[in-house]
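Pasting model.json here (JSON, N, CA and C atoms):
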[["chain", "number", "residue", "atom", "x", "y", "z"],
["A", 1, "MET", "N", -110.10, -19.75, -176.03],
["A", 1, "MET", "CA", -109.13, -19.63, -177.10],
["A", 1, "MET", "C", -108.61, -18.21, -177.12],
["A", 2, "THR", "N", -107.32, -18.11, -177.35],
["A", 2, "THR", "CA", -106.70, -16.80, -177.42],
["A", 2, "THR", "C", -105.52, -16.87, -178.38],
["A", 3, "HIS", "N", -105.11, -15.74, -178.86],
["A", 3, "HIS", "CA", -103.92, -15.68, -179.71],
["A", 3, "HIS", "C", -102.68, -15.31, -178.90],
["A", 4, "THR", "N", -102.89, -14.98, -177.63],
["A", 4, "THR", "CA", -101.81, -14.54, -176.76],
["A", 4, "THR", "C", -101.79, -15.39, -175.50],
["A", 5, "LYS", "N", -100.62, -15.83, -175.07],
["A", 5, "LYS", "CA", -100.52, -16.60, -173.83],
["A", 5, "LYS", "C", -101.01, -15.76, -172.67],
["A", 6, "ARG", "N", -101.86, -16.37, -171.82],
["A", 6, "ARG", "CA", -102.39, -15.69, -170.65],
["A", 6, "ARG", "C", -102.46, -16.67, -169.51],
["A", 7, "ASP", "N", -102.34, -16.16, -168.29],
["A", 7, "ASP", "CA", -102.51, -16.99, -167.11],
["A", 7, "ASP", "C", -103.99, -17.28, -166.90],
["A", 8, "SER", "N", -104.28, -18.37, -166.19],
["A", 8, "SER", "CA", -105.67, -18.69, -165.84],
["A", 8, "SER", "C", -106.24, -17.58, -164.98],
["A", 9, "TRP", "N", -107.56, -17.44, -165.02],
["A", 9, "TRP", "CA", -108.24, -16.35, -164.33],
["A", 9, "TRP", "C", -109.32, -16.94, -163.43],
["A", 10, "GLY", "N", -109.08, -16.93, -162.11],
["A", 10, "GLY", "CA", -110.05, -17.44, -161.14],
["A", 10, "GLY", "C", -111.08, -16.39, -160.79],
["A", 11, "ARG", "N", -112.32, -16.83, -160.67],
["A", 11, "ARG", "CA", -113.43, -15.93, -160.37],
["A", 11, "ARG", "C", -114.09, -16.34, -159.06],
["A", 12, "PRO", "N", -114.73, -15.39, -158.37],
["A", 12, "PRO", "CA", -115.47, -15.74, -157.15],
["A", 12, "PRO", "C", -116.50, -16.83, -157.46],
["A", 13, "GLY", "N", -116.65, -17.75, -156.55],
["A", 13, "GLY", "CA", -117.60, -18.84, -156.76],
["A", 13, "GLY", "C", -116.94, -20.10, -157.29],
["A", 14, "GLY", "N", -115.65, -20.02, -157.63],
["A", 14, "GLY", "CA", -114.92, -21.21, -158.03],
["A", 14, "GLY", "C", -114.70, -21.42, -159.51],
["A", 15, "THR", "N", -115.26, -20.58, -160.37],
["A", 15, "THR", "CA", -115.04, -20.73, -161.80],
["A", 15, "THR", "C", -113.65, -20.22, -162.16],
["A", 16, "THR", "N", -112.93, -21.02, -162.95],
["A", 16, "THR", "CA", -111.62, -20.61, -163.43],
["A", 16, "THR", "C", -111.62, -20.68, -164.95],
["A", 17, "PHE", "N", -111.20, -19.59, -165.58],
["A", 17, "PHE", "CA", -111.06, -19.55, -167.04],
["A", 17, "PHE", "C", -109.62, -19.90, -167.39],
["A", 18, "HIS", "N", -109.46, -20.87, -168.29],
["A", 18, "HIS", "CA", -108.14, -21.26, -168.78],
["A", 18, "HIS", "C", -108.04, -20.81, -170.23],
["A", 19, "PHE", "N", -106.95, -20.17, -170.58],
["A", 19, "PHE", "CA", -106.76, -19.64, -171.93],
["A", 19, "PHE", "C", -105.84, -20.56, -172.70],
["A", 20, "VAL", "N", -106.30, -21.00, -173.88],
["A", 20, "VAL", "CA", -105.56, -21.95, -174.71],
["A", 20, "VAL", "C", -105.22, -21.28, -176.03],
["A", 21, "ASP", "N", -103.95, -21.39, -176.44],
["A", 21, "ASP", "CA", -103.52, -20.77, -177.70],
["A", 21, "ASP", "C", -103.00, -21.81, -178.69],
["A", 22, "ASP", "N", -103.40, -23.08, -178.49],
["A", 22, "ASP", "CA", -102.91, -24.19, -179.34],
["A", 22, "ASP", "C", -103.92, -24.63, -180.40],
["A", 23, "GLY", "N", -105.04, -23.93, -180.56],
["A", 23, "GLY", "CA", -106.01, -24.30, -181.58],
["A", 23, "GLY", "C", -107.29, -24.87, -180.99],
["A", 24, "VAL", "N", -108.32, -24.97, -181.85],
["A", 24, "VAL", "CA", -109.65, -25.37, -181.39],
["A", 24, "VAL", "C", -109.69, -26.79, -180.87],
["A", 25, "GLU", "N", -109.00, -27.72, -181.50],
["A", 25, "GLU", "CA", -109.07, -29.11, -181.05],
["A", 25, "GLU", "C", -108.45, -29.30, -179.68],
["A", 26, "ILE", "N", -107.29, -28.67, -179.43],
["A", 26, "ILE", "CA", -106.64, -28.77, -178.12],
["A", 26, "ILE", "C", -107.54, -28.13, -177.06],
["A", 27, "ALA", "N", -108.08, -26.96, -177.36],
["A", 27, "ALA", "CA", -108.96, -26.28, -176.41],
["A", 27, "ALA", "C", -110.20, -27.13, -176.12],
["A", 28, "PHE", "N", -110.79, -27.70, -177.16],
["A", 28, "PHE", "CA", -111.98, -28.52, -176.97],
["A", 28, "PHE", "C", -111.67, -29.77, -176.15],
["A", 29, "ASP", "N", -110.57, -30.44, -176.46],
["A", 29, "ASP", "CA", -110.20, -31.65, -175.70],
["A", 29, "ASP", "C", -109.97, -31.35, -174.23],
["A", 30, "ARG", "N", -109.30, -30.24, -173.93],
["A", 30, "ARG", "CA", -109.08, -29.84, -172.53],
["A", 30, "ARG", "C", -110.41, -29.55, -171.84],
["A", 31, "ALA", "N", -111.30, -28.85, -172.53],
["A", 31, "ALA", "CA", -112.61, -28.52, -171.95],
["A", 31, "ALA", "C", -113.43, -29.79, -171.73],
["A", 32, "ARG", "N", -113.41, -30.71, -172.67],
["A", 32, "ARG", "CA", -114.16, -31.96, -172.55],
["A", 32, "ARG", "C", -113.67, -32.77, -171.35],
["A", 33, "ARG", "N", -112.35, -32.86, -171.18],
["A", 33, "ARG", "CA", -111.80, -33.59, -170.03],
["A", 33, "ARG", "C", -112.20, -32.92, -168.72],
["A", 34, "ALA", "N", -112.14, -31.60, -168.67],
["A", 34, "ALA", "CA", -112.49, -30.87, -167.45],
["A", 34, "ALA", "C", -113.98, -31.00, -167.13],
["A", 35, "ALA", "N", -114.83, -31.06, -168.16],
["A", 35, "ALA", "CA", -116.29, -31.10, -167.96],
["A", 35, "ALA", "C", -116.79, -32.46, -167.55],
["A", 36, "GLY", "N", -116.05, -33.51, -167.90],
["A", 36, "GLY", "CA", -116.54, -34.86, -167.59],
["A", 36, "GLY", "C", -117.84, -35.13, -168.32],
["A", 37, "ASP", "N", -118.92, -35.42, -167.58],
["A", 37, "ASP", "CA", -120.22, -35.71, -168.18],
["A", 37, "ASP", "C", -121.05, -34.45, -168.47],
["A", 38, "ARG", "N", -120.55, -33.30, -168.06],
["A", 38, "ARG", "CA", -121.31, -32.06, -168.24],
["A", 38, "ARG", "C", -121.06, -31.47, -169.63],
["A", 39, "ASP", "N", -121.88, -30.48, -169.99],
["A", 39, "ASP", "CA", -121.73, -29.79, -171.27],
["A", 39, "ASP", "C", -120.50, -28.91, -171.27],
["A", 40, "VAL", "N", -119.97, -28.67, -172.45],
["A", 40, "VAL", "CA", -118.88, -27.71, -172.65],
["A", 40, "VAL", "C", -119.50, -26.46, -173.26],
["A", 41, "ARG", "N", -119.18, -25.31, -172.70],
["A", 41, "ARG", "CA", -119.68, -24.04, -173.21],
["A", 41, "ARG", "C", -118.50, -23.24, -173.73],
["A", 42, "ILE", "N", -118.62, -22.78, -174.96],
["A", 42, "ILE", "CA", -117.56, -22.01, -175.61],
["A", 42, "ILE", "C", -118.06, -20.57, -175.74],
["A", 43, "ALA", "N", -117.26, -19.63, -175.29],
["A", 43, "ALA", "CA", -117.62, -18.22, -175.42],
["A", 43, "ALA", "C", -116.64, -17.57, -176.39],
["A", 44, "GLY", "N", -117.17, -16.69, -177.22],
["A", 44, "GLY", "CA", -116.29, -16.01, -178.15],
["A", 44, "GLY", "C", -117.09, -15.26, -179.19],
["A", 45, "GLY", "N", -116.38, -14.72, -180.13],
["A", 45, "GLY", "CA", -117.01, -13.95, -181.19],
["A", 45, "GLY", "C", -117.22, -14.78, -182.44],
["A", 46, "GLY", "N", -117.47, -14.08, -183.54],
["A", 46, "GLY", "CA", -117.78, -14.72, -184.80],
["A", 46, "GLY", "C", -116.71, -15.67, -185.29],
["A", 47, "ALA", "N", -115.45, -15.30, -185.16],
["A", 47, "ALA", "CA", -114.35, -16.15, -185.64],
["A", 47, "ALA", "C", -114.29, -17.45, -184.85],
["A", 48, "THR", "N", -114.54, -17.38, -183.55],
["A", 48, "THR", "CA", -114.52, -18.58, -182.71],
["A", 48, "THR", "C", -115.66, -19.52, -183.08],
["A", 49, "ILE", "N", -116.87, -18.97, -183.24],
["A", 49, "ILE", "CA", -118.01, -19.79, -183.63],
["A", 49, "ILE", "C", -117.72, -20.47, -184.97],
["A", 50, "LEU", "N", -117.21, -19.73, -185.92],
["A", 50, "LEU", "CA", -116.90, -20.27, -187.24],
["A", 50, "LEU", "C", -115.91, -21.43, -187.15],
["A", 51, "GLU", "N", -114.85, -21.27, -186.38],
["A", 51, "GLU", "CA", -113.85, -22.35, -186.24],
["A", 51, "GLU", "C", -114.47, -23.61, -185.65],
["A", 52, "TYR", "N", -115.26, -23.46, -184.59],
["A", 52, "TYR", "CA", -115.86, -24.63, -183.95],
["A", 52, "TYR", "C", -116.96, -25.25, -184.80],
["A", 53, "LEU", "N", -117.74, -24.44, -185.53],
["A", 53, "LEU", "CA", -118.75, -24.99, -186.44],
["A", 53, "LEU", "C", -118.08, -25.86, -187.51],
["A", 54, "ASN", "N", -117.03, -25.32, -188.13],
["A", 54, "ASN", "CA", -116.35, -26.06, -189.19],
["A", 54, "ASN", "C", -115.60, -27.28, -188.66],
["A", 55, "ALA", "N", -115.25, -27.29, -187.38],
["A", 55, "ALA", "CA", -114.59, -28.44, -186.78],
["A", 55, "ALA", "C", -115.61, -29.49, -186.35],
["A", 56, "GLY", "N", -116.92, -29.19, -186.49],
["A", 56, "GLY", "CA", -117.96, -30.16, -186.11],
["A", 56, "GLY", "C", -118.12, -30.30, -184.62],
["A", 57, "ARG", "N", -117.77, -29.27, -183.86],
["A", 57, "ARG", "CA", -117.78, -29.36, -182.39],
["A", 57, "ARG", "C", -118.91, -28.60, -181.72],
["A", 58, "VAL", "N", -119.90, -28.13, -182.48],
["A", 58, "VAL", "CA", -121.00, -27.35, -181.91],
["A", 58, "VAL", "C", -122.31, -28.08, -182.12],
["A", 59, "ASP", "N", -123.06, -28.29, -181.02],
["A", 59, "ASP", "CA", -124.41, -28.86, -181.10],
["A", 59, "ASP", "C", -125.46, -27.76, -181.11],
["A", 60, "GLU", "N", -125.17, -26.69, -180.38],
["A", 60, "GLU", "CA", -126.11, -25.59, -180.24],
["A", 60, "GLU", "C", -125.32, -24.34, -179.88],
["A", 61, "PHE", "N", -125.78, -23.17, -180.35],
["A", 61, "PHE", "CA", -125.13, -21.92, -179.95],
["A", 61, "PHE", "C", -126.14, -20.81, -179.84],
["A", 62, "THR", "N", -125.77, -19.80, -179.05],
["A", 62, "THR", "CA", -126.61, -18.63, -178.83],
["A", 62, "THR", "C", -125.84, -17.39, -179.21],
["A", 63, "ILE", "N", -126.49, -16.52, -179.94],
["A", 63, "ILE", "CA", -125.93, -15.23, -180.33],
["A", 63, "ILE", "C", -126.65, -14.16, -179.53],
["A", 64, "ALA", "N", -125.89, -13.26, -178.92],
["A", 64, "ALA", "CA", -126.47, -12.10, -178.25],
["A", 64, "ALA", "C", -126.42, -10.95, -179.25],
["A", 65, "LEU", "N", -127.56, -10.62, -179.82],
["A", 65, "LEU", "CA", -127.64, -9.60, -180.87],
["A", 65, "LEU", "C", -128.10, -8.28, -180.26],
["A", 66, "SER", "N", -127.25, -7.28, -180.39],
["A", 66, "SER", "CA", -127.56, -5.95, -179.86],
["A", 66, "SER", "C", -127.57, -4.95, -181.01],
["A", 67, "PRO", "N", -128.57, -4.07, -181.07],
["A", 67, "PRO", "CA", -128.68, -3.14, -182.20],
["A", 67, "PRO", "C", -127.72, -1.97, -182.10],
["A", 68, "VAL", "N", -126.43, -2.27, -182.13],
["A", 68, "VAL", "CA", -125.39, -1.25, -182.10],
["A", 68, "VAL", "C", -124.60, -1.38, -183.39],
["A", 69, "LEU", "N", -124.42, -0.30, -184.11],
["A", 69, "LEU", "CA", -123.68, -0.33, -185.36],
["A", 69, "LEU", "C", -122.28, 0.20, -185.14],
["A", 70, "PHE", "N", -121.28, -0.66, -185.35],
["A", 70, "PHE", "CA", -119.90, -0.28, -185.15],
["A", 70, "PHE", "C", -119.21, 0.09, -186.46],
["A", 71, "GLY", "N", -119.80, -0.23, -187.59],
["A", 71, "GLY", "CA", -119.22, 0.11, -188.88],
["A", 71, "GLY", "C", -118.41, -1.00, -189.50],
["A", 72, "SER", "N", -118.08, -2.04, -188.75],
["A", 72, "SER", "CA", -117.35, -3.16, -189.32],
["A", 72, "SER", "C", -117.54, -4.37, -188.42],
["A", 73, "GLY", "N", -117.04, -5.49, -188.87],
["A", 73, "GLY", "CA", -117.15, -6.70, -188.06],
["A", 73, "GLY", "C", -116.98, -7.94, -188.89],
["A", 74, "VAL", "N", -117.29, -9.07, -188.30],
["A", 74, "VAL", "CA", -117.15, -10.37, -188.94],
["A", 74, "VAL", "C", -118.52, -10.84, -189.39],
["A", 75, "ARG", "N", -118.63, -11.25, -190.65],
["A", 75, "ARG", "CA", -119.88, -11.86, -191.12],
["A", 75, "ARG", "C", -119.92, -13.25, -190.49],
["A", 76, "LEU", "N", -120.82, -13.45, -189.56],
["A", 76, "LEU", "CA", -120.81, -14.62, -188.69],
["A", 76, "LEU", "C", -120.77, -15.95, -189.43],
["A", 77, "PHE", "N", -121.54, -16.12, -190.49],
["A", 77, "PHE", "CA", -121.62, -17.43, -191.13],
["A", 77, "PHE", "C", -120.83, -17.51, -192.42],
["A", 78, "GLU", "N", -120.06, -16.50, -192.75],
["A", 78, "GLU", "CA", -119.21, -16.55, -193.94],
["A", 78, "GLU", "C", -118.11, -17.57, -193.71],
["A", 79, "GLY", "N", -118.03, -18.54, -194.60],
["A", 79, "GLY", "CA", -117.02, -19.58, -194.45],
["A", 79, "GLY", "C", -117.55, -20.88, -193.88],
["A", 80, "VAL", "N", -118.82, -20.91, -193.45],
["A", 80, "VAL", "CA", -119.42, -22.15, -192.97],
["A", 80, "VAL", "C", -119.73, -23.02, -194.18],
["A", 81, "ASP", "N", -119.42, -24.28, -194.10],
["A", 81, "ASP", "CA", -119.69, -25.22, -195.18],
["A", 81, "ASP", "C", -121.17, -25.58, -195.17],
["A", 82, "ALA", "N", -121.98, -24.84, -195.93],
["A", 82, "ALA", "CA", -123.43, -25.03, -195.95],
["A", 82, "ALA", "C", -123.83, -26.38, -196.53],
["A", 83, "GLY", "N", -122.93, -27.05, -197.21],
["A", 83, "GLY", "CA", -123.20, -28.39, -197.70],
["A", 83, "GLY", "C", -123.13, -29.44, -196.60],
["A", 84, "ARG", "N", -122.48, -29.09, -195.50],
["A", 84, "ARG", "CA", -122.33, -30.00, -194.36],
["A", 84, "ARG", "C", -123.14, -29.60, -193.15],
["A", 85, "VAL", "N", -123.39, -28.29, -192.99],
["A", 85, "VAL", "CA", -123.99, -27.77, -191.76],
["A", 85, "VAL", "C", -125.32, -27.09, -192.06],
["A", 86, "ALA", "N", -126.32, -27.41, -191.24],
["A", 86, "ALA", "CA", -127.62, -26.72, -191.31],
["A", 86, "ALA", "C", -127.91, -26.15, -189.92],
["A", 87, "LEU", "N", -128.49, -24.95, -189.89],
["A", 87, "LEU", "CA", -128.85, -24.32, -188.61],
["A", 87, "LEU", "C", -130.36, -24.33, -188.45],
["A", 88, "GLU", "N", -130.80, -24.79, -187.30],
["A", 88, "GLU", "CA", -132.23, -24.88, -187.00],
["A", 88, "GLU", "C", -132.55, -23.93, -185.85],
["A", 89, "PRO", "N", -133.43, -22.94, -186.07],
["A", 89, "PRO", "CA", -133.77, -22.02, -184.97],
["A", 89, "PRO", "C", -134.41, -22.78, -183.81],
["A", 90, "VAL", "N", -133.97, -22.49, -182.59],
["A", 90, "VAL", "CA", -134.50, -23.13, -181.39],
["A", 90, "VAL", "C", -135.37, -22.15, -180.61],
["A", 91, "ARG", "N", -134.83, -20.94, -180.36],
["A", 91, "ARG", "CA", -135.61, -19.95, -179.63],
["A", 91, "ARG", "C", -135.02, -18.56, -179.83],
["A", 92, "ALA", "N", -135.86, -17.57, -179.60],
["A", 92, "ALA", "CA", -135.45, -16.16, -179.60],
["A", 92, "ALA", "C", -135.97, -15.55, -178.31],
["A", 93, "GLU", "N", -135.07, -14.94, -177.55],
["A", 93, "GLU", "CA", -135.45, -14.35, -176.27],
["A", 93, "GLU", "C", -135.12, -12.86, -176.29],
["A", 94, "PRO", "N", -136.13, -12.03, -176.56],
["A", 94, "PRO", "CA", -135.87, -10.58, -176.60],
["A", 94, "PRO", "C", -135.82, -9.98, -175.21],
["A", 95, "THR", "N", -134.94, -9.02, -175.02],
["A", 95, "THR", "CA", -134.90, -8.20, -173.81],
["A", 95, "THR", "C", -134.92, -6.75, -174.28],
["A", 96, "GLN", "N", -134.83, -5.84, -173.35],
["A", 96, "GLN", "CA", -134.89, -4.43, -173.70],
["A", 96, "GLN", "C", -133.67, -4.00, -174.53],
["A", 97, "ARG", "N", -132.51, -4.62, -174.30],
["A", 97, "ARG", "CA", -131.29, -4.17, -174.95],
["A", 97, "ARG", "C", -130.71, -5.12, -175.97],
["A", 98, "MET", "N", -131.16, -6.36, -175.98],
["A", 98, "MET", "CA", -130.64, -7.31, -176.95],
["A", 98, "MET", "C", -131.60, -8.47, -177.13],
["A", 99, "THR", "N", -131.34, -9.27, -178.14],
["A", 99, "THR", "CA", -132.10, -10.49, -178.38],
["A", 99, "THR", "C", -131.13, -11.65, -178.41],
["A", 100, "HIS", "N", -131.46, -12.71, -177.67],
["A", 100, "HIS", "CA", -130.65, -13.92, -177.66],
["A", 100, "HIS", "C", -131.27, -14.90, -178.66],
["A", 101, "LEU", "N", -130.51, -15.26, -179.67],
["A", 101, "LEU", "CA", -130.96, -16.18, -180.71],
["A", 101, "LEU", "C", -130.21, -17.50, -180.55],
["A", 102, "THR", "N", -130.96, -18.60, -180.39],
["A", 102, "THR", "CA", -130.35, -19.90, -180.19],
["A", 102, "THR", "C", -130.66, -20.80, -181.38],
["A", 103, "TYR", "N", -129.61, -21.47, -181.89],
["A", 103, "TYR", "CA", -129.71, -22.36, -183.03],
["A", 103, "TYR", "C", -129.13, -23.73, -182.69],
["A", 104, "ALA", "N", -129.78, -24.78, -183.18],
["A", 104, "ALA", "CA", -129.21, -26.12, -183.12],
["A", 104, "ALA", "C", -128.44, -26.33, -184.42],
["A", 105, "VAL", "N", -127.33, -27.04, -184.32],
["A", 105, "VAL", "CA", -126.50, -27.34, -185.49],
["A", 105, "VAL", "C", -126.77, -28.77, -185.91],
["A", 106, "ARG", "N", -127.13, -28.95, -187.15],
["A", 106, "ARG", "CA", -127.42, -30.28, -187.71],
["A", 106, "ARG", "C", -126.44, -30.55, -188.84],
["A", 107, "GLN", "N", -126.02, -31.78, -188.95],
["A", 107, "GLN", "CA", -125.19, -32.19, -190.08],
["A", 107, "GLN", "C", -126.09, -32.55, -191.24],
["A", 108, "ARG", "N", -125.70, -32.15, -192.44],
["A", 108, "ARG", "CA", -126.49, -32.49, -193.64],
["A", 108, "ARG", "C", -126.04, -33.82, -194.16]]

Mind turning this structure into structure tokens?
Amino acid sequence: MTHTKRDSWGRPGGTTFHFVDDGVEIAFDRARRAAGDRDVRIAGGGATILEYLNAGRVDEFTIALSPVLFGSGVRLFEGVDAGRVALEPVRAEPTQRMTHLTYAVRQR
């Protein structure tokens, strides 16, 4: 997802990133068709996670938490409908520079 039109970006090994600026549902539908029977992985920041959570399109997500203070940012779960969505911790994987936190998303 992007707010600006961009050309696709091919990477060594055959992965191609396609940038969609038509909204979460269009992006998700395109990714689902491309993935076939495989999982769809969405990469992005807090605003992207929030949009997909509220659209009911996330089964599980991982946050890469790094102890760097920038002075501002997005409150990750602000705006999530807590009456509809519950987060269940799955795992925490600490490394020297960050911790990966994985949550399953459950409907209430």

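Once Arg106 (chain A) and its same-chain neighbours fewer than 2 positions away are set aside, Val58, Asp59, Glu60, Arg84, Val85, Ala86, Leu87, Glu88, Tyr103, Ala104 and Arg108 of chain A remain within 8 Å of it when counting all atoms listed in the file.
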
Legend entry - In region 3-108 of chain A, DSSP helix (DSSP H, G or I) residues written as a PyMOL selection string: chain A and resi 24-35+46-54

Inset, instruction - For CA of Met1 (chain A) and CA of Asp21 (chain A), quote the distance in Å rounded to one decimal. - result: 5.8 Å

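Between Gly45 (chain A) and the residues A:Asp22, A:Phe70, A:Leu76, A:Thr4, the shortest atom-to-atom distance, using all atoms listed in the file, involves A:Leu76.
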
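For the pair CA of Ala64 (chain A) and CA of Val80 (chain A), the separation is 19.2 Å.
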
Inset, instruction - Would you work out the distance separating atom N of Phe28 (chain A) from CA of His3 (chain A), expressed in Å to one decimal? - result: 14.1 Å

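Residues surrounding Leu101 (chain A) within 6.5 Å are Phe61, Thr62, Ile63, Ala64, Leu65, Arg91, Ala92, Glu93, Thr99 and Tyr103 of chain A [all atoms listed in the file; sequence separation below 2 positions excluded].
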
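When only N, CA and C atoms are used to measure the gap to Gly23 (chain A), the shortest distance among A:Ser72, A:Thr2, A:Thr95, A:Ser8 belongs to A:Thr2.
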
Inset, instruction - Run DSSP on the backbone and grab whatever in chain A lands in strand (DSSP E or B); send it over as a ChimeraX atom specification. - result: /A:9-10,16-17,60-65,85-94,99-107

Using N, CA and C atoms, can you export the residues from the last selection as a compact mmCIF listing (two decimals), keeping the file's coordinate frame?
# COMPACT_ATOMS: atom_id res chain seq x y z
N TRP A 9 -107.56 -17.44 -165.02
CA TRP A 9 -108.24 -16.35 -164.33
C TRP A 9 -109.32 -16.94 -163.43
N GLY A 10 -109.08 -16.93 -162.11
CA GLY A 10 -110.05 -17.44 -161.14
C GLY A 10 -111.08 -16.39 -160.79
N THR A 16 -112.93 -21.02 -162.95
CA THR A 16 -111.62 -20.61 -163.43
C THR A 16 -111.62 -20.68 -164.95
N PHE A 17 -111.20 -19.59 -165.58
CA PHE A 17 -111.06 -19.55 -167.04
C PHE A 17 -109.62 -19.90 -167.39
N GLU A 60 -125.17 -26.69 -180.38
CA GLU A 60 -126.11 -25.59 -180.24
C GLU A 60 -125.32 -24.34 -179.88
N PHE A 61 -125.78 -23.17 -180.35
CA PHE A 61 -125.13 -21.92 -179.95
C PHE A 61 -126.14 -20.81 -179.84
N THR A 62 -125.77 -19.80 -179.05
CA THR A 62 -126.61 -18.63 -178.83
C THR A 62 -125.84 -17.39 -179.21
N ILE A 63 -126.49 -16.52 -179.94
CA ILE A 63 -125.93 -15.23 -180.33
C ILE A 63 -126.65 -14.16 -179.53
N ALA A 64 -125.89 -13.26 -178.92
CA ALA A 64 -126.47 -12.10 -178.25
C ALA A 64 -126.42 -10.95 -179.25
N LEU A 65 -127.56 -10.62 -179.82
CA LEU A 65 -127.64 -9.60 -180.87
C LEU A 65 -128.10 -8.28 -180.26
N VAL A 85 -123.39 -28.29 -192.99
CA VAL A 85 -123.99 -27.77 -191.76
C VAL A 85 -125.32 -27.09 -192.06
N ALA A 86 -126.32 -27.41 -191.24
CA ALA A 86 -127.62 -26.72 -191.31
C ALA A 86 -127.91 -26.15 -189.92
N LEU A 87 -128.49 -24.95 -189.89
CA LEU A 87 -128.85 -24.32 -188.61
C LEU A 87 -130.36 -24.33 -188.45
N GLU A 88 -130.80 -24.79 -187.30
CA GLU A 88 -132.23 -24.88 -187.00
C GLU A 88 -132.55 -23.93 -185.85
N PRO A 89 -133.43 -22.94 -186.07
CA PRO A 89 -133.77 -22.02 -184.97
C PRO A 89 -134.41 -22.78 -183.81
N VAL A 90 -133.97 -22.49 -182.59
CA VAL A 90 -134.50 -23.13 -181.39
C VAL A 90 -135.37 -22.15 -180.61
N ARG A 91 -134.83 -20.94 -180.36
CA ARG A 91 -135.61 -19.95 -179.63
C ARG A 91 -135.02 -18.56 -179.83
N ALA A 92 -135.86 -17.57 -179.60
CA ALA A 92 -135.45 -16.16 -179.60
C ALA A 92 -135.97 -15.55 -178.31
N GLU A 93 -135.07 -14.94 -177.55
CA GLU A 93 -135.45 -14.35 -176.27
C GLU A 93 -135.12 -12.86 -176.29
N PRO A 94 -136.13 -12.03 -176.56
CA PRO A 94 -135.87 -10.58 -176.60
C PRO A 94 -135.82 -9.98 -175.21
N THR A 99 -131.34 -9.27 -178.14
CA THR A 99 -132.10 -10.49 -178.38
C THR A 99 -131.13 -11.65 -178.41
N HIS A 100 -131.46 -12.71 -177.67
CA HIS A 100 -130.65 -13.92 -177.66
C HIS A 100 -131.27 -14.90 -178.66
N LEU A 101 -130.51 -15.26 -179.67
CA LEU A 101 -130.96 -16.18 -180.71
C LEU A 101 -130.21 -17.50 -180.55
N THR A 102 -130.96 -18.60 -180.39
CA THR A 102 -130.35 -19.90 -180.19
C THR A 102 -130.66 -20.80 -181.38
N TYR A 103 -129.61 -21.47 -181.89
CA TYR A 103 -129.71 -22.36 -183.03
C TYR A 103 -129.13 -23.73 -182.69
N ALA A 104 -129.78 -24.78 -183.18
CA ALA A 104 -129.21 -26.12 -183.12
C ALA A 104 -128.44 -26.33 -184.42
N VAL A 105 -127.33 -27.04 -184.32
CA VAL A 105 -126.50 -27.34 -185.49
C VAL A 105 -126.77 -28.77 -185.91
N ARG A 106 -127.13 -28.95 -187.15
CA ARG A 106 -127.42 -30.28 -187.71
C ARG A 106 -126.44 -30.55 -188.84
N GLN A 107 -126.02 -31.78 -188.95
CA GLN A 107 -125.19 -32.19 -190.08
C GLN A 107 -126.09 -32.55 -191.24

Inset, instruction - Name the residues in contact with Arg41 (chain A) at a cut-off of 8 Å, using only N, CA and C atoms, excluding same-chain residues fewer than 2 positions from it; report them as number ranges by chain. - result: A: 31-32, 38-39, 43-44

Mind listing whatever residues come within 10 Å of the point (-112.0, -22.7, -167.7)? Use only C-alpha atoms, file coordinates, and give them as a CSV table (one decimal) with N, CA and C atoms, keeping the file's coordinate frame.
chain,number,residue,atom,x,y,z
A,8,SER,N,-104.3,-18.4,-166.2
A,8,SER,CA,-105.7,-18.7,-165.8
A,8,SER,C,-106.2,-17.6,-165.0
A,9,TRP,N,-107.6,-17.4,-165.0
A,9,TRP,CA,-108.2,-16.4,-164.3
A,9,TRP,C,-109.3,-16.9,-163.4
A,10,GLY,N,-109.1,-16.9,-162.1
A,10,GLY,CA,-110.0,-17.4,-161.1
A,10,GLY,C,-111.1,-16.4,-160.8
A,15,THR,N,-115.3,-20.6,-160.4
A,15,THR,CA,-115.0,-20.7,-161.8
A,15,THR,C,-113.6,-20.2,-162.2
A,16,THR,N,-112.9,-21.0,-163.0
A,16,THR,CA,-111.6,-20.6,-163.4
A,16,THR,C,-111.6,-20.7,-165.0
A,17,PHE,N,-111.2,-19.6,-165.6
A,17,PHE,CA,-111.1,-19.6,-167.0
A,17,PHE,C,-109.6,-19.9,-167.4
A,18,HIS,N,-109.5,-20.9,-168.3
A,18,HIS,CA,-108.1,-21.3,-168.8
A,18,HIS,C,-108.0,-20.8,-170.2
A,19,PHE,N,-107.0,-20.2,-170.6
A,19,PHE,CA,-106.8,-19.6,-171.9
A,19,PHE,C,-105.8,-20.6,-172.7
A,20,VAL,N,-106.3,-21.0,-173.9
A,20,VAL,CA,-105.6,-22.0,-174.7
A,20,VAL,C,-105.2,-21.3,-176.0
A,27,ALA,N,-108.1,-27.0,-177.4
A,27,ALA,CA,-109.0,-26.3,-176.4
A,27,ALA,C,-110.2,-27.1,-176.1
A,30,ARG,N,-109.3,-30.2,-173.9
A,30,ARG,CA,-109.1,-29.8,-172.5
A,30,ARG,C,-110.4,-29.6,-171.8
A,31,ALA,N,-111.3,-28.8,-172.5
A,31,ALA,CA,-112.6,-28.5,-172.0
A,31,ALA,C,-113.4,-29.8,-171.7
A,34,ALA,N,-112.1,-31.6,-168.7
A,34,ALA,CA,-112.5,-30.9,-167.4
A,34,ALA,C,-114.0,-31.0,-167.1
A,35,ALA,N,-114.8,-31.1,-168.2
A,35,ALA,CA,-116.3,-31.1,-168.0
A,35,ALA,C,-116.8,-32.5,-167.6
A,40,VAL,N,-120.0,-28.7,-172.4
A,40,VAL,CA,-118.9,-27.7,-172.6
A,40,VAL,C,-119.5,-26.5,-173.3
A,41,ARG,N,-119.2,-25.3,-172.7
A,41,ARG,CA,-119.7,-24.0,-173.2
A,41,ARG,C,-118.5,-23.2,-173.7
A,42,ILE,N,-118.6,-22.8,-175.0
A,42,ILE,CA,-117.6,-22.0,-175.6
A,42,ILE,C,-118.1,-20.6,-175.7
